[in-house]
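A.B. asks: Submitted below is the structure of interest, expressed as structure tokens.
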Amino acid sequence: MLHEINLLAWRATRRAANQRRVQCLLGFTFGLFLIASGLGGYLIDRQIEIQQQRLTDLNLEYERLNARSAQQETREIAHQIELKRFAQYAEWHQYRNQPVELMNMLAKQVSEEVVFSHLELRSGVVTAKGETATTQALTQALTRMEATERISKVTLHALTNSSLSSQRSMSQFHLSFTLRPRGLEAFGYEP
């Protein structure tokens, strides 16, 4: 019976108190773990929901931008078609009015001493024949024509002197030049 006798009762009490404290601490720790894992799970689920909502919003925005881009491409194609049509109209207008423009340009560039008797315009190349009272007037006219943006490749093919015209000595000339077409800038279009 000696083995059942507890001589130090305070040790048993202390051991029981320590066991209760450890059990309470384990229970409290387990409770905190459950609360923390529940809270962590809730936060993770909430974050997943937020990310899913964000992904949905981004997909909607992406689809909206794709639709807008398709509309913009359609508008761009229509705009290019209109520009081509406008360029064709401008070209037709230019070829239709090219003789009038040529006459107006020559009236500004050539003095009254130079008289054209024949003008021919074919595919932008102008061939001209005429008479001049002085070669100086013809030289000035050719210099002004060369300075013009729309006229290039001015070539004097022949210059002959004849005293049969009127009573003054007149020189006959034959020249050619290239008339450059006006671009779309002349119609207010800036590329």
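Naming works like this for the structure tokens: A, B, ... for the chains as they're shown, residue 1 at the start of each chain, ligands 1 onward in shown order.
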Considering only helix (DSSP H, G or I) as DSSP defines it on the backbone, what residues of stretch 3-156 of chain A qualify? List them as a PyMOL selection string.

C.D. replies: chain A and resi 3-4+9-109+135-147

A.B. asks: Name the closest residue to A:Gly124 among the candidates A:Thr29, A:Gln140, A:Thr74, A:Ser152; distances are taken between atoms, counting only C-alpha atoms.

C.D. replies: A:Ser152

A.B. asks: So that I can check the surroundings of A:Ser111, please list as a ChimeraX atom specification every protein, DNA and RNA residue that reaches within 7 Å of it, counting only C-alpha atoms and ignoring chain neighbours fewer than 2 positions away.

C.D. replies: /A:109,113-114,137,141

A.B. asks: How would the residues just picked look written out with N, CA and C atoms as a short mmCIF file (atom, residue, chain, number, x, y, z; two decimals), in the first residue's frame?

C.D. replies:
data_model
loop_
_atom_site.label_atom_id
_atom_site.label_comp_id
_atom_site.auth_asym_id
_atom_site.auth_seq_id
_atom_site.Cartn_x
_atom_site.Cartn_y
_atom_site.Cartn_z
N GLN A 109 2.70 83.83 -117.38
CA GLN A 109 4.15 83.65 -117.52
C GLN A 109 4.74 84.33 -118.77
N GLU A 113 4.71 90.09 -126.13
CA GLU A 113 5.60 90.04 -127.29
C GLU A 113 5.77 88.62 -127.81
N VAL A 114 5.37 87.64 -127.02
CA VAL A 114 5.46 86.24 -127.44
C VAL A 114 4.05 85.79 -127.79
N ALA A 137 12.37 88.57 -124.92
CA ALA A 137 11.02 88.28 -124.39
C ALA A 137 10.81 86.77 -124.29
N ALA A 141 10.25 84.57 -120.87
CA ALA A 141 9.10 83.67 -120.76
C ALA A 141 9.56 82.26 -120.38
#

A.B. asks: When you draw a straight line from atom CA of A:Leu102 to atom CA of A:Leu138, how long is it in Å?

C.D. replies: 17.4 Å

A.B. asks: Would you mind writing down, as a VMD selection string, each residue of chain A that DSSP on the backbone assigns to strand (DSSP E)?

C.D. replies: chain A and resid 114 to 122 125 to 132 151 to 162 170 to 179

A.B. asks: Set the distance at 7 Å and use only C-alpha atoms: which residues neighbour A:Val115 once local chain neighbours fewer than 2 positions away are removed? I'd like the list as a ChimeraX atom specification.

C.D. replies: /A:112-113,117,130-132

A.B. asks: Applying 12 Å and only C-alpha atoms, which residues near A:Met145 remain after dropping the ones on its own chain fewer than 5 positions away? List them as a ChimeraX atom specification.

C.D. replies: /A:102,105-111,138-140,150-156,175-179

A.B. asks: In Å, with one decimal, what is the gap from atom CA of A:Ala128 to atom CA of A:Asn104?

C.D. replies: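 Atom-to-atom, atom CA of A:Ala128 and atom CA of A:Asn104 are spaced 14.9 Å apart.
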